[in-house]
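Participant: Take a look at this one; I'll ask things after.
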Amino acid sequence: METLVRIVVGVVLVAHGLVHLLWFVRNDDPGWPFRLDRSWLVSEEAGKPFAIALVALIIAGFTLLGLAVWGVPGLVSIWPVLAIAAAVVSLAALVLFWDRQLVWGVAIDVAIIVLALWRPGWTDRLG
């Protein structure tokens with residue numbers, strides 16, 4: 001059962017990283033929350049290159065975190081650092097390209113950071 005939980009948690013973490021690719025999906029619906037042209041801090045011209053860099057870091061971070069949860073040697077011991085780094089970059093992207101519908105992404109990232117800082121006893125069995 002523990003192996004199944006680790007597999008599922010790893011898949012969810014990798015999927016959370018990959019969902020950030022939605023910023024590159026063309027959608028003309030004004031209600032679409034993943035819009036690079038609505039940043040309150042980054043210009044429209046710089047938005048896409050900046051978002052590409054952020055999303056690449058996010059995907060790499062959450063993929064490495066998923067591998068750590070799956071028990072890959074060398075990553076298991078640094079999972080809290082991976083979790084915090086990936087979640088902070090994800091939060092930065094969510095804040096820079098904010099839409100109120102992205103609040104669930106913020107909640108997930110904050111929960112990951114809290115978990116990595118708190119490190120309850122059951123997390124010792126992640127790898």
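Identifiers for the structure tokens are assigned positionally: chains receive A, B, ... in sequence, residues are indexed from 1 per chain, and ligands are indexed from 1 in the order shown.
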Quick one: everything within 6 Å of region 35-48 of chain A, counting only C-alpha atoms, minus sequence neighbours fewer than 5 positions away in the same chain. Send it as a list of chain:residue names.
Facilitator: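 My reading of the contact set: A:Trp23, A:Leu96, A:Phe97.
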Participant: Would you output that residue set with C-alpha atoms, as an mmCIF file, in the first residue's frame?
Facilitator:
data_model
loop_
_atom_site.group_PDB
_atom_site.id
_atom_site.type_symbol
_atom_site.label_atom_id
_atom_site.label_comp_id
_atom_site.auth_asym_id
_atom_site.auth_seq_id
_atom_site.Cartn_x
_atom_site.Cartn_y
_atom_site.Cartn_z
ATOM 1 C CA TRP A 23 0.133 29.088 -20.026
ATOM 2 C CA LEU A 96 3.206 37.323 -11.812
ATOM 3 C CA PHE A 97 0.489 36.058 -14.163
#
Participant: Have a look at CA of Arg26 (chain A) and CA of Ile58 (chain A) and let me know their distance in Å, one decimal.
Facilitator: 20.0 Å
Participant: Got a sec: who's within 10 Å of Gly10 (chain A), counting only C-alpha atoms, leaving out chain neighbours fewer than 5 positions off, as a PyMOL selection string?
Facilitator: chain A and resi 4-5+15-16+62-71+126
Participant: Check region 66-109 of chain A with DSSP on the backbone and list each residue it calls alpha helix (DSSP H), as a list in words.
Facilitator: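 Result set for region 66-109 of chain A (alpha helix (DSSP H)): Gly66, Leu67, Ala68, Val69, Trp79, Pro80, Val81, Leu82, Ala83, Ile84, Ala85, Ala86, Ala87, Val88, Val89, Ser90, Leu91, Ala92, Ala93, Leu94, Val95, Leu96, Val103, Trp104, Gly105, Val106, Ala107, Ile108 and Asp109 of chain A.
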Participant: A:Val76, A:Leu13, A:Ala111, A:Leu57: which is nearest Ala92 (chain A), counting only C-alpha atoms?
Facilitator: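 For Ala92 (chain A), the nearest of the candidates is A:Leu57.
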Participant: Find the residues around Gly61 (chain A) up to 12 Å (only C-alpha atoms counted), leave out those fewer than 6 positions away in its own chain, and share them as a PDB file with C-alpha atoms, in the first residue's frame.
Facilitator:
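See part-v2.pdb below for the written result:
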ATOM      1  CA  LEU A  13       3.556  16.225  -8.055  1.00  0.00           C
ATOM      2  CA  VAL A  14       4.781  15.759 -11.628  1.00  0.00           C
ATOM      3  CA  ALA A  15       1.274  16.590 -12.917  1.00  0.00           C
ATOM      4  CA  HIS A  16       1.224  19.754 -10.803  1.00  0.00           C
ATOM      5  CA  GLY A  17       4.425  20.821 -12.517  1.00  0.00           C
ATOM      6  CA  LEU A  18       3.114  19.965 -15.975  1.00  0.00           C
ATOM      7  CA  LEU A  54       9.795  29.862 -15.016  1.00  0.00           C
ATOM      8  CA  VAL A  55       7.773  26.929 -16.352  1.00  0.00           C
ATOM      9  CA  LEU A  67      11.454  11.164  -8.448  1.00  0.00           C
ATOM     10  CA  ALA A  68      12.495  11.818  -4.837  1.00  0.00           C
ATOM     11  CA  LEU A  75      17.073  12.954  -4.403  1.00  0.00           C
ATOM     12  CA  ILE A  78      16.941  16.619  -0.509  1.00  0.00           C
ATOM     13  CA  TRP A  79      13.196  16.378  -1.108  1.00  0.00           C
ATOM     14  CA  PRO A  80      12.395  19.314   1.238  1.00  0.00           C
ATOM     15  CA  VAL A  81      14.733  21.610  -0.713  1.00  0.00           C
ATOM     16  CA  LEU A  82      13.246  20.432  -4.020  1.00  0.00           C
ATOM     17  CA  ALA A  83       9.717  20.914  -2.688  1.00  0.00           C
ATOM     18  CA  ILE A  84      10.346  24.436  -1.434  1.00  0.00           C
ATOM     19  CA  ALA A  85      12.244  25.522  -4.554  1.00  0.00           C
ATOM     20  CA  ALA A  86       9.650  24.149  -6.988  1.00  0.00           C
ATOM     21  CA  ALA A  87       6.719  25.549  -5.013  1.00  0.00           C
ATOM     22  CA  VAL A  88       8.304  28.999  -4.624  1.00  0.00           C
ATOM     23  CA  VAL A  89       8.986  29.271  -8.370  1.00  0.00           C
ATOM     24  CA  SER A  90       5.437  28.080  -9.049  1.00  0.00           C
TER      25      SER A  90
END
